[in-house]
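Printed here is protein-v4.txt (compact mmCIF, C-alpha atoms):
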```txt
# COMPACT_ATOMS: atom_id res chain seq x y z
CA MET A 1 -21.04 -4.84 -22.28
CA GLN A 2 -20.11 -6.37 -18.95
CA GLU A 3 -16.92 -8.18 -17.98
CA ARG A 4 -17.26 -10.74 -15.23
CA HIS A 5 -14.39 -11.67 -12.95
CA LEU A 6 -14.41 -14.56 -10.51
CA TRP A 7 -12.29 -14.72 -7.37
CA PHE A 8 -12.11 -17.83 -5.20
CA ILE A 9 -11.35 -17.34 -1.51
CA GLY A 10 -11.33 -20.71 0.17
CA LYS A 11 -14.66 -22.21 -0.75
CA VAL A 12 -16.33 -18.85 -1.30
CA ARG A 13 -16.80 -17.65 -4.86
CA ILE A 14 -17.00 -13.90 -5.38
CA LEU A 15 -18.42 -12.54 -8.61
CA ARG A 16 -17.53 -9.01 -9.62
CA VAL A 17 -19.36 -7.44 -12.54
CA LEU A 18 -17.50 -4.61 -14.23
CA THR A 19 -19.60 -2.42 -16.47
CA ALA A 20 -18.39 -0.99 -19.76
CA GLU A 21 -18.31 2.41 -18.08
CA HIS A 22 -15.93 1.07 -15.43
CA LEU A 23 -13.64 -0.37 -18.06
CA GLU A 24 -13.63 2.75 -20.20
CA ARG A 25 -12.87 4.95 -17.21
CA GLY A 26 -10.12 2.67 -15.92
CA LEU A 27 -12.67 1.71 -13.26
CA GLY A 28 -13.35 5.40 -12.56
CA LEU A 29 -11.19 5.21 -9.46
CA LEU A 30 -11.87 7.73 -6.73
CA ALA A 31 -9.28 10.44 -6.08
CA SER A 32 -8.27 9.03 -2.69
CA GLY A 33 -7.47 5.42 -1.93
CA ILE A 34 -6.32 3.30 0.98
CA ILE A 35 -2.72 2.34 1.64
CA PHE A 36 -2.52 -0.86 3.66
CA PRO A 37 0.68 -2.16 5.33
CA LEU A 38 -0.46 -5.80 5.14
CA TYR A 39 2.16 -7.19 7.49
CA ILE A 40 -0.10 -10.09 8.36
CA PHE A 41 0.60 -13.72 7.43
CA PRO A 42 -2.22 -14.68 5.04
CA GLY A 43 -2.94 -18.16 6.38
CA ASP A 44 -3.26 -21.44 4.53
CA PRO A 45 -2.81 -21.43 0.74
CA GLY A 46 -6.05 -21.10 -1.18
CA ILE A 47 -7.97 -20.08 1.94
CA CYS A 48 -6.03 -16.97 3.04
CA ALA A 49 -8.40 -16.49 5.95
CA ASN A 50 -6.34 -13.76 7.59
CA TRP A 51 -6.76 -11.52 4.53
CA THR A 52 -10.46 -12.16 3.95
CA PRO A 53 -11.63 -8.72 5.19
CA LEU A 54 -9.37 -7.08 2.62
CA PHE A 55 -10.55 -9.34 -0.21
CA ASN A 56 -14.13 -8.46 0.66
CA SER A 57 -13.43 -4.71 0.67
CA ILE A 58 -11.61 -4.89 -2.65
CA SER A 59 -14.51 -6.76 -4.22
CA THR A 60 -17.30 -4.56 -2.87
CA ASN A 61 -15.55 -1.25 -3.61
CA PRO A 62 -14.33 -1.48 -7.23
CA ASP A 63 -13.97 2.32 -7.52
CA LEU A 64 -11.63 2.51 -4.51
CA GLN A 65 -7.88 2.18 -5.11
CA PHE A 66 -6.05 -0.08 -2.66
CA HIS A 67 -2.27 0.20 -2.30
CA VAL A 68 -1.35 -3.05 -0.53
CA ILE A 69 2.14 -3.69 0.85
CA VAL A 70 3.09 -7.33 1.32
CA ASN A 71 5.97 -8.18 3.62
CA PRO A 72 6.78 -11.89 3.93
CA ALA A 73 9.96 -11.56 6.02
CA SER A 74 10.82 -7.89 6.62
CA GLY A 75 11.31 -7.99 2.87
CA PRO A 76 11.01 -10.84 0.36
CA GLY A 77 13.11 -13.29 2.35
CA THR A 78 16.03 -15.16 0.81
CA ASP A 79 14.31 -17.79 -1.34
CA PRO A 80 13.66 -17.08 -5.03
CA GLN A 81 9.92 -17.64 -4.50
CA PRO A 82 7.77 -16.87 -1.45
CA SER A 83 5.94 -19.49 0.56
CA THR A 84 2.95 -21.20 -1.02
CA SER A 85 0.70 -19.12 1.23
CA TYR A 86 2.04 -15.89 -0.25
CA GLN A 87 2.00 -17.32 -3.77
CA SER A 88 -1.67 -18.22 -3.46
CA CYS A 89 -2.87 -15.24 -1.46
CA VAL A 90 -1.03 -12.45 -3.28
CA ALA A 91 -2.50 -13.85 -6.50
CA LEU A 92 -5.95 -13.36 -4.98
CA LEU A 93 -5.14 -9.69 -4.34
CA LYS A 94 -4.66 -9.07 -8.03
CA SER A 95 -7.49 -6.83 -9.20
CA PRO A 96 -7.89 -3.72 -11.37
CA ASN A 97 -8.32 -1.55 -8.26
CA VAL A 98 -5.29 -2.95 -6.39
CA ASN A 99 -1.62 -2.05 -6.57
CA VAL A 100 0.55 -4.62 -4.80
CA TYR A 101 3.91 -3.47 -3.46
CA GLY A 102 6.75 -5.56 -2.08
CA TYR A 103 8.28 -4.24 1.14
CA VAL A 104 11.98 -3.27 1.10
CA PHE A 105 13.69 -1.45 3.97
CA THR A 106 16.56 0.95 3.30
CA ASP A 107 17.64 1.85 6.85
CA PHE A 108 17.34 5.59 6.22
CA GLY A 109 19.77 5.36 3.33
CA ASN A 110 22.37 3.37 5.28
CA ARG A 111 21.63 -0.11 3.92
CA GLU A 112 24.01 -1.40 1.29
CA GLU A 113 22.68 -0.47 -2.13
CA ALA A 114 23.43 -3.94 -3.49
CA ASP A 115 21.24 -5.48 -0.77
CA VAL A 116 18.36 -3.13 -1.54
CA ILE A 117 18.58 -3.93 -5.24
CA ALA A 118 18.79 -7.65 -4.46
CA ASP A 119 15.47 -7.45 -2.58
CA VAL A 120 13.87 -5.59 -5.48
CA ASP A 121 15.11 -8.26 -7.87
CA LEU A 122 13.79 -11.08 -5.69
CA TYR A 123 10.28 -9.61 -5.79
CA ALA A 124 10.58 -9.03 -9.53
CA GLY A 125 11.44 -12.71 -9.96
CA TRP A 126 8.25 -13.95 -8.33
CA GLY A 127 5.88 -15.93 -10.51
CA THR A 128 3.63 -14.06 -12.90
CA ALA A 129 0.44 -14.80 -10.95
CA TYR A 130 1.71 -13.18 -7.76
CA VAL A 131 4.54 -10.81 -8.72
CA PRO A 132 4.01 -7.34 -7.16
CA ASP A 133 3.36 -4.24 -9.22
CA GLY A 134 6.26 -2.38 -7.64
CA ILE A 135 8.15 -1.67 -4.43
CA PHE A 136 7.41 0.10 -1.15
CA PHE A 137 10.72 1.44 0.15
CA ASP A 138 10.61 1.88 3.93
CA GLN A 139 12.83 3.81 6.33
CA VAL A 140 13.66 6.44 3.74
CA LEU A 141 15.68 9.53 4.58
CA GLY A 142 14.21 12.08 2.20
CA THR A 143 17.06 14.58 2.20
CA GLU A 144 18.66 16.17 -0.84
CA ASP A 145 21.92 14.25 -0.39
CA ASN A 146 20.05 10.93 -0.66
CA LEU A 147 18.04 11.87 -3.74
CA ASP A 148 20.38 10.26 -6.26
CA LYS A 149 20.34 6.99 -4.33
CA TYR A 150 16.55 6.78 -4.19
CA THR A 151 16.27 7.93 -7.80
CA GLY A 152 18.40 4.93 -8.72
CA TYR A 153 16.16 2.62 -6.68
CA ALA A 154 13.07 4.09 -8.33
CA GLU A 155 14.46 3.75 -11.84
CA HIS A 156 15.51 0.15 -11.21
CA THR A 157 12.06 -0.65 -9.85
CA ARG A 158 10.26 0.88 -12.82
CA GLN A 159 12.31 -1.21 -15.23
CA SER A 160 11.93 -4.41 -13.18
CA PHE A 161 8.13 -4.64 -13.01
CA GLY A 162 5.28 -4.42 -15.47
CA GLY A 163 7.44 -4.24 -18.55
CA GLY A 164 8.97 -0.94 -17.48
CA SER A 165 5.98 0.50 -15.61
CA GLY A 166 6.82 -0.60 -12.07
CA LEU A 167 5.31 1.44 -9.22
CA VAL A 168 7.34 3.22 -6.56
CA THR A 169 6.28 4.29 -3.07
CA LEU A 170 8.73 5.80 -0.61
CA ASN A 171 8.16 6.03 3.13
CA PRO A 172 10.19 8.70 4.92
CA GLY A 173 7.28 9.05 7.35
CA ALA A 174 7.73 12.82 7.11
CA GLU A 175 7.84 15.42 4.38
CA PRO A 176 10.91 14.98 2.15
CA THR A 177 12.51 17.62 -0.01
CA THR A 178 10.17 18.31 -2.90
CA ASP A 179 12.40 16.75 -5.57
CA TYR A 180 11.33 13.33 -4.28
CA PHE A 181 7.83 13.86 -5.63
CA ASN A 182 9.28 13.67 -9.14
CA ILE A 183 10.45 10.06 -8.72
CA VAL A 184 7.46 8.43 -7.00
CA ASP A 185 3.89 7.32 -7.48
CA LEU A 186 3.23 7.77 -3.77
CA ILE A 187 5.21 9.08 -0.83
CA VAL A 188 4.25 8.67 2.82
CA THR A 189 4.57 12.20 4.13
CA SER A 190 3.34 11.30 7.61
CA GLU A 191 3.53 8.05 9.57
CA VAL A 192 2.95 8.85 13.24
CA PHE A 193 0.88 8.16 16.31
CA PHE A 194 -2.65 9.42 15.74
CA THR A 195 -2.40 11.91 18.60
CA ASP A 196 0.79 13.40 17.12
CA PHE A 197 -0.77 14.16 13.75
CA ASN A 198 -1.83 17.67 12.81
CA THR A 199 -3.42 18.47 9.45
CA ALA A 200 -1.80 21.90 9.61
CA ASN A 201 1.52 20.16 8.98
CA VAL A 202 0.39 18.67 5.67
CA THR A 203 1.93 20.69 2.85
CA ILE A 204 0.05 20.57 -0.45
CA GLY A 205 1.03 22.51 -3.53
CA PRO A 206 2.33 22.24 -7.09
CA SER A 207 5.65 20.76 -5.92
CA ALA A 208 3.97 18.49 -3.34
CA PRO A 209 0.69 17.35 -4.93
CA ALA A 210 -1.93 15.79 -2.69
CA SER A 211 -2.44 12.97 -5.20
CA LYS A 212 1.08 11.67 -4.51
CA GLN A 213 0.86 11.83 -0.73
CA ALA A 214 -0.08 9.04 1.63
CA ILE A 215 -0.72 9.32 5.37
CA ILE A 216 -0.49 6.42 7.85
CA LEU A 217 -1.70 6.87 11.43
CA HIS A 218 -1.60 4.25 14.17
CA ASP A 219 -2.69 4.05 17.82
CA ALA A 220 -5.92 5.75 16.72
CA PRO A 221 -9.30 5.61 18.47
CA SER A 222 -11.34 2.45 17.91
CA THR A 223 -14.06 4.58 16.32
CA VAL A 224 -13.29 6.01 12.88
CA PRO A 225 -12.37 9.73 13.12
CA THR A 226 -14.74 10.70 10.33
CA ALA A 227 -14.06 14.44 10.59
CA LEU A 228 -10.37 13.80 9.91
CA VAL A 229 -11.16 11.44 7.04
CA ASP A 230 -13.49 14.05 5.56
CA GLU A 231 -10.76 16.69 5.74
CA LEU A 232 -7.93 14.59 4.32
CA VAL A 233 -9.99 12.78 1.71
CA GLY A 234 -12.92 15.06 0.93
CA THR A 235 -11.13 18.41 1.15
CA ASP A 236 -7.43 17.73 0.61
CA LYS A 237 -7.96 14.76 -1.73
CA ILE A 238 -4.91 13.02 -0.34
CA GLY A 239 -3.68 10.13 -2.51
CA ALA A 240 -4.02 7.39 0.10
CA LEU A 241 -4.85 7.07 3.78
CA TYR A 242 -4.61 4.43 6.50
CA ILE A 243 -5.81 4.83 10.08
CA THR A 244 -5.63 1.96 12.57
CA ASP A 245 -6.20 1.47 16.27
CA ASP A 246 -3.50 -1.20 16.27
CA VAL A 247 -0.70 -0.02 18.54
CA GLN A 248 3.01 0.66 18.35
CA ALA A 249 3.27 1.57 22.02
CA ASN A 250 5.60 -0.70 24.02
CA ASN A 251 7.48 -1.72 20.86
CA MET A 252 4.50 -3.49 19.32
CA ASN A 253 3.84 -3.83 15.58
CA PRO A 254 0.93 -1.54 14.64
CA TYR A 255 0.38 -3.37 11.35
CA ASP A 256 -0.02 -7.00 12.43
CA SER A 257 -3.82 -6.95 12.51
CA PHE A 258 -6.72 -5.25 10.79
CA PRO A 259 -8.12 -2.10 12.38
CA SER A 260 -11.02 -3.13 14.60
CA ASP A 261 -13.18 -0.68 12.62
CA TRP A 262 -11.87 -1.73 9.19
CA ASP A 263 -15.23 -1.85 7.39
CA ALA A 264 -16.27 1.50 8.85
CA PHE A 265 -12.95 3.04 7.84
CA VAL A 266 -13.30 1.84 4.25
CA SER A 267 -16.86 3.19 4.13
CA ALA A 268 -15.71 6.54 5.54
CA VAL A 269 -13.04 6.92 2.83
CA VAL A 270 -15.58 6.14 0.12
CA SER A 271 -18.29 8.38 1.60
CA ALA A 272 -15.93 11.35 1.91
CA GLN A 273 -15.52 11.51 -1.90
```

This entry written out as structure tokens:
Amino acid sequence: MQERHLWFIGKVRILRVLTAEHLERGLGLLASGIIFPLYIFPGDPGICANWTPLFNSISTNPDLQFHVIVNPASGPGTDPQPSTSYQSCVALLKSPNVNVYGYVFTDFGNREEADVIADVDLYAGWGTAYVPDGIFFDQVLGTEDNLDKYTGYAEHTRQSFGGGSGLVTLNPGAEPTTDYFNIVDLIVTSEVFFTDFNTANVTIGPSAPASKQAIILHDAPSTVPTALVDELVGTDKIGALYITDDVQANNMNPYDSFPSDWDAFVSAVVSAQ
């Protein structure tokens, strides 16, 4: 048996053939995926040209899990529904090997809880074709005294998406206390400049499983650091990885463009497994 799925990107039709084996194995997803802060405006509705490299990678790598974070306005914005560009283009992201997260910032636990919940509820109210699968909480302070607050956010998210199966990713950008691993699907345990990252600082164990950890590195070399990918993906089997040569230096946004070596990075993650 084969199941055929069609995606339309502008005037280009992409045909993906999923075998029975894929379907029975839940696509047989690889142990490590890619987390992508997609803080890039998609472009015109129905064309979504600015996201085309991602669409292509999703289609050509059906065994690779993509965790994609959409961020229309440093959050969902204030309107009940996003712009027509986001409506159209997020719908095109929907695929069995993609988890879509809506971006919500928490100001290291200082943002008003009602405002955080309001953002979650706005995303949850998006139309069925483009509603996210869960929430990516940014600027998290992963200390013990904040655990109850983030547990509440996680529980609200789970109940608000997917009929009670909403996904939760937290981004403290550093290792939190281990209790946080019990409330998440993914947690970003390192978000730093590439040159500041050291694999020796990655803690993996029963209370901090590799499968729940994501690592995001920016200001990286323009050539994929394959030895590092091999270690984090092939050896450590980290849950998700993102490495970009886009820069944060001089107060720039390191997530407003694709890595210049995007295709090579995707291939490196796949090849390492």

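Using all atoms listed in the file, the nearest neighbour of Val104 of chain A within the list A:Asp79, A:Thr143, A:Val131, A:Asn171 is A:Asn171.
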
As AutoDock Vina command-line options, please: the centre and edge lengths in Å, to one decimal, of an axis-aligned box enclosing every listed atom of segment 144-161 of chain A with 3 Å added on each side.
```
--center_x 15.0 --center_y 5.8 --center_z -7.8 --size_x 19.8 --size_y 26.8 --size_z 20.8
```

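With all atoms listed in the file as the atoms that count, the residue of A:Leu38, A:Ala210, A:Leu54, A:Leu122 with the shortest distance to Gln81 of chain A is A:Leu122.
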
Do you know which residues are at most 12 Å from Phe193 of chain A counting all atoms listed in the file, after dropping those on the same chain fewer than 5 positions away, and could you put them as a PDB file with C-alpha atoms, in the coordinates of the input?
```pdb
ATOM      1  CA  GLY A 173       7.280   9.050   7.350  1.00  0.00           C
ATOM      2  CA  ASN A 198      -1.830  17.670  12.810  1.00  0.00           C
ATOM      3  CA  ILE A 215      -0.720   9.320   5.370  1.00  0.00           C
ATOM      4  CA  ILE A 216      -0.490   6.420   7.850  1.00  0.00           C
ATOM      5  CA  LEU A 217      -1.700   6.870  11.430  1.00  0.00           C
ATOM      6  CA  HIS A 218      -1.600   4.250  14.170  1.00  0.00           C
ATOM      7  CA  ASP A 219      -2.690   4.050  17.820  1.00  0.00           C
ATOM      8  CA  ALA A 220      -5.920   5.750  16.720  1.00  0.00           C
ATOM      9  CA  PRO A 221      -9.300   5.610  18.470  1.00  0.00           C
ATOM     10  CA  TYR A 242      -4.610   4.430   6.500  1.00  0.00           C
ATOM     11  CA  ILE A 243      -5.810   4.830  10.080  1.00  0.00           C
ATOM     12  CA  THR A 244      -5.630   1.960  12.570  1.00  0.00           C
ATOM     13  CA  ASP A 245      -6.200   1.470  16.270  1.00  0.00           C
ATOM     14  CA  ASP A 246      -3.500  -1.200  16.270  1.00  0.00           C
ATOM     15  CA  VAL A 247      -0.700  -0.020  18.540  1.00  0.00           C
ATOM     16  CA  GLN A 248       3.010   0.660  18.350  1.00  0.00           C
ATOM     17  CA  ALA A 249       3.270   1.570  22.020  1.00  0.00           C
ATOM     18  CA  PRO A 254       0.930  -1.540  14.640  1.00  0.00           C
TER      19      PRO A 254
END
```

Skip Phe161 of chain A itself and residues of its chain fewer than 5 positions away, then list as a ChimeraX atom specification all residues within 8 Å of it, counting all atoms listed in the file.
/A:124,132-134,166-167

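In this structure, atom CA of Gly125 of chain A sits 11.6 Å away from atom CA of Gly102 of chain A.
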
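With distances restricted to only C-alpha atoms, A:Val120 is the closest residue to Tyr101 of chain A from A:Val140, A:Leu241, A:Val120, A:Val233.
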
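Distance annotation: of A:Ala264, A:Thr199, A:Val100, A:Ile69, the residue with the minimal separation from Thr226 of chain A is A:Ala264; atom set is all atoms listed in the file.
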
Name the residues, using the chain letters and numbers of the file, that sit within 12 Å of (5.9, -7.3, 1.5) when counting only C-alpha atoms, and give them as number ranges by chain.
A: 36-42, 67-77, 82, 86-87, 90, 100-105, 119-120, 122-123, 130-138, 255

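Remark: for Gln273 of chain A, the closest of the candidate residues A:Ile35, A:Cys89, A:Leu64, A:Val168 is A:Leu64 (distances computed over all atoms listed in the file).
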
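Using only C-alpha atoms, every residue with an atom at most 7 Å from the point (-0.8, -20.9, 1.2) is listed here: A:Gly43, A:Asp44, A:Pro45, A:Gly46, A:Cys48, A:Ser83, A:Thr84, A:Ser85, A:Tyr86, A:Gln87, A:Ser88, A:Cys89.
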
Go ahead and save the picked residues with C-alpha atoms, as a compact mmCIF listing (two decimals), in the frame of the given file.
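This went into again16.txt:
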```txt
# COMPACT_ATOMS: atom_id res chain seq x y z
CA GLY A 43 -2.94 -18.16 6.38
CA ASP A 44 -3.26 -21.44 4.53
CA PRO A 45 -2.81 -21.43 0.74
CA GLY A 46 -6.05 -21.10 -1.18
CA CYS A 48 -6.03 -16.97 3.04
CA SER A 83 5.94 -19.49 0.56
CA THR A 84 2.95 -21.20 -1.02
CA SER A 85 0.70 -19.12 1.23
CA TYR A 86 2.04 -15.89 -0.25
CA GLN A 87 2.00 -17.32 -3.77
CA SER A 88 -1.67 -18.22 -3.46
CA CYS A 89 -2.87 -15.24 -1.46
```

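Using all atoms listed in the file, the shortest contact distance between Tyr180 of chain A and any of A:Gly142, A:Gly127, A:Gly162, A:Pro206 is found at A:Gly142.
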
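Relative to atom CA of Ser32 of chain A, atom CA of Lys237 of chain A is found at 5.8 Å.
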
Can you tell me how far atom CA of Gly152 of chain A sits from atom CA of Lys212 of chain A, in Å to one decimal?
19.1 Å
